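*Asks:* Just one file: final13.cif, with mmCIF, N, CA, C and O atoms.
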```
data_coords
#
loop_
_atom_site.label_atom_id
_atom_site.label_comp_id
_atom_site.auth_asym_id
_atom_site.auth_seq_id
_atom_site.Cartn_x
_atom_site.Cartn_y
_atom_site.Cartn_z
N MET A 1 -54.69 45.57 -146.52
CA MET A 1 -54.12 45.59 -147.85
C MET A 1 -54.50 46.87 -148.59
O MET A 1 -53.70 47.44 -149.29
N ALA A 2 -55.74 47.32 -148.45
CA ALA A 2 -56.17 48.54 -149.15
C ALA A 2 -55.38 49.74 -148.65
O ALA A 2 -55.04 50.63 -149.43
N TRP A 3 -55.08 49.77 -147.34
CA TRP A 3 -54.30 50.87 -146.80
C TRP A 3 -52.91 50.90 -147.42
O TRP A 3 -52.40 51.97 -147.75
N GLU A 4 -52.29 49.75 -147.59
CA GLU A 4 -50.96 49.67 -148.17
C GLU A 4 -50.97 50.15 -149.62
O GLU A 4 -50.04 50.83 -150.06
N ALA A 5 -52.01 49.83 -150.35
CA ALA A 5 -52.12 50.28 -151.74
C ALA A 5 -52.25 51.80 -151.79
O ALA A 5 -51.63 52.45 -152.64
N ARG A 6 -53.05 52.38 -150.91
CA ARG A 6 -53.19 53.84 -150.88
C ARG A 6 -51.90 54.50 -150.46
O ARG A 6 -51.53 55.55 -150.99
N GLN A 7 -51.20 53.91 -149.53
CA GLN A 7 -49.92 54.46 -149.10
C GLN A 7 -48.92 54.43 -150.25
O GLN A 7 -48.21 55.41 -150.49
N LEU A 8 -48.89 53.34 -150.99
CA LEU A 8 -48.01 53.24 -152.14
C LEU A 8 -48.36 54.28 -153.20
O LEU A 8 -47.47 54.93 -153.76
N GLN A 9 -49.65 54.48 -153.47
CA GLN A 9 -50.07 55.49 -154.44
C GLN A 9 -49.62 56.88 -153.99
O GLN A 9 -49.15 57.68 -154.81
N GLY A 10 -49.74 57.18 -152.72
CA GLY A 10 -49.30 58.47 -152.19
C GLY A 10 -47.81 58.65 -152.33
O GLY A 10 -47.33 59.74 -152.66
N GLU A 11 -47.06 57.60 -152.08
CA GLU A 11 -45.61 57.67 -152.21
C GLU A 11 -45.19 57.86 -153.66
O GLU A 11 -44.27 58.62 -153.96
N VAL A 12 -45.86 57.19 -154.57
CA VAL A 12 -45.55 57.33 -156.00
C VAL A 12 -45.87 58.76 -156.46
O VAL A 12 -45.09 59.39 -157.17
N TYR A 13 -47.01 59.29 -156.02
CA TYR A 13 -47.38 60.67 -156.36
C TYR A 13 -46.34 61.64 -155.82
O TYR A 13 -45.88 62.53 -156.54
N SER A 14 -45.95 61.47 -154.57
CA SER A 14 -44.95 62.36 -153.96
C SER A 14 -43.62 62.29 -154.69
O SER A 14 -42.95 63.31 -154.90
N PHE A 15 -43.23 61.11 -155.10
CA PHE A 15 -41.98 60.95 -155.85
C PHE A 15 -42.09 61.66 -157.20
O PHE A 15 -41.14 62.30 -157.65
N GLY A 16 -43.25 61.57 -157.83
CA GLY A 16 -43.45 62.27 -159.11
C GLY A 16 -43.35 63.77 -158.94
O GLY A 16 -42.72 64.46 -159.77
N ILE A 17 -43.92 64.32 -157.88
CA ILE A 17 -43.83 65.75 -157.62
C ILE A 17 -42.37 66.13 -157.35
O ILE A 17 -41.90 67.17 -157.81
N LEU A 18 -41.67 65.30 -156.64
CA LEU A 18 -40.24 65.54 -156.39
C LEU A 18 -39.47 65.60 -157.70
O LEU A 18 -38.63 66.48 -157.91
N LEU A 19 -39.75 64.68 -158.60
CA LEU A 19 -39.08 64.70 -159.91
C LEU A 19 -39.41 65.96 -160.69
O LEU A 19 -38.53 66.56 -161.32
N LEU A 20 -40.67 66.39 -160.65
CA LEU A 20 -41.05 67.63 -161.34
C LEU A 20 -40.30 68.81 -160.74
O LEU A 20 -39.86 69.71 -161.46
N HIS A 21 -40.15 68.83 -159.43
CA HIS A 21 -39.40 69.89 -158.76
C HIS A 21 -37.95 69.89 -159.25
O HIS A 21 -37.39 70.95 -159.55
N VAL A 22 -37.34 68.73 -159.34
CA VAL A 22 -35.94 68.63 -159.77
C VAL A 22 -35.80 69.10 -161.22
O VAL A 22 -34.90 69.87 -161.55
N PHE A 23 -36.70 68.65 -162.09
CA PHE A 23 -36.59 68.99 -163.51
C PHE A 23 -36.90 70.45 -163.81
O PHE A 23 -36.33 71.04 -164.73
N THR A 24 -37.81 71.06 -163.05
CA THR A 24 -38.21 72.43 -163.35
C THR A 24 -37.51 73.47 -162.49
O THR A 24 -37.47 74.64 -162.86
N GLY A 25 -37.02 73.08 -161.34
CA GLY A 25 -36.46 74.04 -160.41
C GLY A 25 -37.53 74.81 -159.65
O GLY A 25 -37.23 75.75 -158.93
N LYS A 26 -38.77 74.42 -159.82
CA LYS A 26 -39.89 75.07 -159.13
C LYS A 26 -40.35 74.20 -157.97
O LYS A 26 -40.37 72.98 -158.07
N ARG A 27 -40.74 74.85 -156.88
CA ARG A 27 -41.28 74.14 -155.74
C ARG A 27 -42.80 74.12 -155.84
O ARG A 27 -43.39 75.09 -156.31
N PRO A 28 -43.43 73.08 -155.38
CA PRO A 28 -44.90 73.04 -155.42
C PRO A 28 -45.54 74.15 -154.60
O PRO A 28 -46.71 74.46 -154.79
N THR A 29 -44.77 74.78 -153.72
CA THR A 29 -45.30 75.83 -152.86
C THR A 29 -44.95 77.23 -153.35
O THR A 29 -45.21 78.21 -152.65
N ASP A 30 -44.35 77.35 -154.55
CA ASP A 30 -44.00 78.68 -155.08
C ASP A 30 -45.23 79.56 -155.21
O ASP A 30 -46.34 79.08 -155.44
N ASP A 31 -45.01 80.86 -155.10
CA ASP A 31 -46.10 81.83 -155.17
C ASP A 31 -46.84 81.82 -156.51
O ASP A 31 -47.98 82.26 -156.59
N MET A 32 -46.20 81.34 -157.55
CA MET A 32 -46.84 81.35 -158.87
C MET A 32 -48.01 80.37 -158.95
O MET A 32 -48.84 80.47 -159.84
N PHE A 33 -48.07 79.43 -158.03
CA PHE A 33 -49.11 78.41 -158.07
C PHE A 33 -50.33 78.87 -157.27
O PHE A 33 -50.43 78.65 -156.07
N ARG A 34 -51.24 79.52 -157.99
CA ARG A 34 -52.49 80.02 -157.42
C ARG A 34 -53.62 79.75 -158.39
O ARG A 34 -53.38 79.40 -159.54
N ASP A 35 -54.80 79.96 -157.95
CA ASP A 35 -55.99 79.87 -158.81
C ASP A 35 -56.04 78.56 -159.60
O ASP A 35 -56.34 78.55 -160.79
N GLY A 36 -55.72 77.47 -158.94
CA GLY A 36 -55.83 76.16 -159.58
C GLY A 36 -54.58 75.71 -160.32
O GLY A 36 -54.49 74.57 -160.76
N LEU A 37 -53.60 76.61 -160.51
CA LEU A 37 -52.35 76.21 -161.17
C LEU A 37 -51.47 75.52 -160.14
O LEU A 37 -51.33 75.98 -159.01
N ASN A 38 -50.90 74.40 -160.52
CA ASN A 38 -49.96 73.71 -159.64
C ASN A 38 -48.81 73.19 -160.50
O ASN A 38 -48.79 73.36 -161.71
N LEU A 39 -47.82 72.62 -159.88
CA LEU A 39 -46.63 72.16 -160.58
C LEU A 39 -46.97 71.14 -161.65
O LEU A 39 -46.47 71.20 -162.78
N HIS A 40 -47.85 70.23 -161.34
CA HIS A 40 -48.26 69.20 -162.29
C HIS A 40 -48.92 69.83 -163.52
O HIS A 40 -48.60 69.48 -164.66
N LYS A 41 -49.83 70.78 -163.32
CA LYS A 41 -50.51 71.43 -164.44
C LYS A 41 -49.54 72.27 -165.27
O LYS A 41 -49.66 72.32 -166.49
N LEU A 42 -48.58 72.94 -164.62
CA LEU A 42 -47.59 73.72 -165.35
C LEU A 42 -46.81 72.83 -166.30
O LEU A 42 -46.62 73.16 -167.47
N VAL A 43 -46.37 71.69 -165.81
CA VAL A 43 -45.60 70.77 -166.64
C VAL A 43 -46.47 70.23 -167.78
O VAL A 43 -46.02 70.15 -168.92
N GLN A 44 -47.71 69.91 -167.49
CA GLN A 44 -48.61 69.44 -168.55
C GLN A 44 -48.78 70.48 -169.64
O GLN A 44 -48.78 70.15 -170.82
N MET A 45 -48.92 71.76 -169.27
CA MET A 45 -49.10 72.82 -170.24
C MET A 45 -47.86 73.00 -171.12
O MET A 45 -47.97 73.31 -172.30
N CYS A 46 -46.69 72.82 -170.55
CA CYS A 46 -45.43 73.05 -171.27
C CYS A 46 -44.94 71.81 -172.00
O CYS A 46 -44.02 71.90 -172.81
N LEU A 47 -45.50 70.68 -171.72
CA LEU A 47 -44.96 69.42 -172.19
C LEU A 47 -44.88 69.30 -173.71
O LEU A 47 -43.88 68.86 -174.25
N ASP A 48 -45.92 69.70 -174.41
CA ASP A 48 -45.95 69.50 -175.86
C ASP A 48 -45.01 70.42 -176.63
O ASP A 48 -44.33 69.99 -177.54
N GLU A 49 -44.99 71.71 -176.27
CA GLU A 49 -44.27 72.66 -177.11
C GLU A 49 -43.13 73.40 -176.41
O GLU A 49 -42.23 73.89 -177.07
N ASN A 50 -43.17 73.51 -175.11
CA ASN A 50 -42.21 74.36 -174.40
C ASN A 50 -41.34 73.60 -173.41
O ASN A 50 -40.98 74.15 -172.38
N VAL A 51 -40.97 72.39 -173.72
CA VAL A 51 -40.22 71.58 -172.77
C VAL A 51 -38.90 72.25 -172.41
O VAL A 51 -38.51 72.30 -171.25
N GLU A 52 -38.22 72.81 -173.40
CA GLU A 52 -36.92 73.43 -173.13
C GLU A 52 -37.04 74.65 -172.21
O GLU A 52 -36.12 74.99 -171.50
N GLU A 53 -38.20 75.31 -172.21
CA GLU A 53 -38.40 76.44 -171.32
C GLU A 53 -38.77 75.98 -169.91
O GLU A 53 -38.55 76.70 -168.95
N MET A 54 -39.31 74.80 -169.80
CA MET A 54 -39.76 74.28 -168.52
C MET A 54 -38.60 73.67 -167.73
O MET A 54 -38.55 73.78 -166.52
N VAL A 55 -37.65 73.06 -168.41
CA VAL A 55 -36.55 72.37 -167.74
C VAL A 55 -35.59 73.38 -167.13
O VAL A 55 -35.24 74.38 -167.75
N ASP A 56 -35.19 73.13 -165.90
CA ASP A 56 -34.24 73.99 -165.21
C ASP A 56 -32.92 73.97 -165.97
O ASP A 56 -32.32 72.91 -166.15
N PRO A 57 -32.44 75.13 -166.46
CA PRO A 57 -31.23 75.14 -167.27
C PRO A 57 -29.99 74.67 -166.53
O PRO A 57 -29.02 74.25 -167.15
N THR A 58 -29.99 74.72 -165.21
CA THR A 58 -28.82 74.25 -164.47
C THR A 58 -28.65 72.74 -164.60
O THR A 58 -27.55 72.23 -164.40
N LEU A 59 -29.72 72.03 -164.96
CA LEU A 59 -29.59 70.58 -165.19
C LEU A 59 -28.77 70.29 -166.43
O LEU A 59 -28.04 69.32 -166.51
N VAL A 60 -28.91 71.16 -167.43
CA VAL A 60 -28.25 70.94 -168.71
C VAL A 60 -26.91 71.65 -168.78
O VAL A 60 -25.92 71.07 -169.23
N LEU A 61 -26.87 72.89 -168.34
CA LEU A 61 -25.69 73.72 -168.53
C LEU A 61 -24.91 74.03 -167.26
O LEU A 61 -23.89 74.69 -167.32
N GLY A 62 -25.38 73.60 -166.13
CA GLY A 62 -24.70 73.85 -164.87
C GLY A 62 -25.11 75.17 -164.24
O GLY A 62 -25.98 75.88 -164.74
N GLU A 63 -24.45 75.53 -163.16
CA GLU A 63 -24.81 76.72 -162.39
C GLU A 63 -24.68 78.00 -163.19
O GLU A 63 -25.39 78.97 -162.96
N ALA A 64 -23.77 78.07 -164.14
CA ALA A 64 -23.57 79.29 -164.93
C ALA A 64 -24.81 79.63 -165.75
O ALA A 64 -24.97 80.76 -166.19
N ALA A 65 -25.68 78.68 -165.98
CA ALA A 65 -26.87 78.89 -166.80
C ALA A 65 -28.03 79.44 -166.02
O ALA A 65 -29.10 79.67 -166.58
N ALA A 66 -27.86 79.68 -164.74
CA ALA A 66 -28.98 80.12 -163.90
C ALA A 66 -29.36 81.55 -164.25
O ALA A 66 -28.84 82.50 -163.69
N GLU A 67 -30.25 81.70 -165.20
CA GLU A 67 -30.76 83.00 -165.61
C GLU A 67 -32.20 83.12 -165.17
O GLU A 67 -32.93 82.13 -165.15
N PRO A 68 -32.64 84.33 -164.86
CA PRO A 68 -34.05 84.49 -164.53
C PRO A 68 -34.92 84.16 -165.73
O PRO A 68 -34.59 84.49 -166.87
N ARG A 69 -36.02 83.46 -165.47
CA ARG A 69 -36.99 83.15 -166.52
C ARG A 69 -38.32 83.76 -166.11
O ARG A 69 -39.15 83.11 -165.51
N PRO A 70 -38.50 85.04 -166.44
CA PRO A 70 -39.68 85.75 -165.92
C PRO A 70 -41.01 85.15 -166.34
O PRO A 70 -42.00 85.28 -165.64
N HIS A 71 -41.07 84.48 -167.47
CA HIS A 71 -42.35 83.90 -167.92
C HIS A 71 -42.77 82.73 -167.05
O HIS A 71 -43.93 82.32 -167.11
N LEU A 72 -41.88 82.17 -166.25
CA LEU A 72 -42.24 81.06 -165.38
C LEU A 72 -42.30 81.48 -163.91
O LEU A 72 -42.40 80.66 -163.04
N LYS A 73 -42.23 82.75 -163.64
CA LYS A 73 -42.30 83.21 -162.25
C LYS A 73 -43.65 83.65 -161.88
O LYS A 73 -44.52 83.87 -162.58
#
```
How would this structure read if it were set down as structure tokens?

*Replies:*
Amino acid sequence: MAWEARQLQGEVYSFGILLLHVFTGKRPTDDMFRDGLNLHKLVQMCLDENVEEMVDPTLVLGEAAAEPRPHLK
């Protein structure tokens, strides 16, 4: 039973990372994630004040909105 609970926790965590990837357009393996920065921490830092900068604009405006965002690279 304990193994099943750990497996479920891992699956929930993985699903959360997948959602962050979809919402931000960033992959957890992107080069920007170094020195302790990861996708989860990036989203936490942007959550309070910079949500609109964190969200992938193609989710809101479609493919035409795909502009480089150098501050997130």

*Asks:* Select, counting all atoms listed in the file, all protein, DNA and RNA residues no farther than 7 Å from (-45.3, 74.8, -160.2) in file coordinates, and express the selection as a PyMOL selection string.

*Replies:* chain A and resi 26-30+32-33+37-43

*Asks:* Identify, with DSSP run on backbone atoms, the residues in chain A assigned to alpha helix (DSSP H), and express the list as an NGL selection string.

*Replies:* :A and (2-24 or 39-47 or 51-54 or 57-61)

*Asks:* What is the atom CA of Gly16 of chain A to atom CA of Asn50 of chain A distance in Å?

*Replies:*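 Between atom CA of Gly16 of chain A and atom CA of Asn50 of chain A the gap is 19.5 Å.
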
*Asks:* If I take atom CA of Gln7 of chain A and atom CA of Gly25 of chain A, how far is one from the other in Å, to one decimal?

*Replies:*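 Atom-to-atom, atom CA of Gln7 of chain A and atom CA of Gly25 of chain A are spaced 26.3 Å apart.
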
*Asks:* So the first atom is atom CA of Thr58 of chain A and the second is atom CA of Phe23 of chain A; what is the distance between them in Å, to one decimal place?

*Replies:* 9.4 Å

*Asks:* For this structure, which residues satisfy the selection - the PyMOL selection byres ((chain A and resi 24) around 8) - when it is evaluated on the file as given? I want them as a list of chain:residue names.

*Replies:* A:Ile17, A:Leu18, A:Leu19, A:Leu20, A:His21, A:Val22, A:Phe23, A:Gly25, A:Lys26, A:Arg27, A:Val51, A:Glu53, A:Met54, A:Val55, A:Asp56, A:Pro57, A:Thr58, A:Leu72
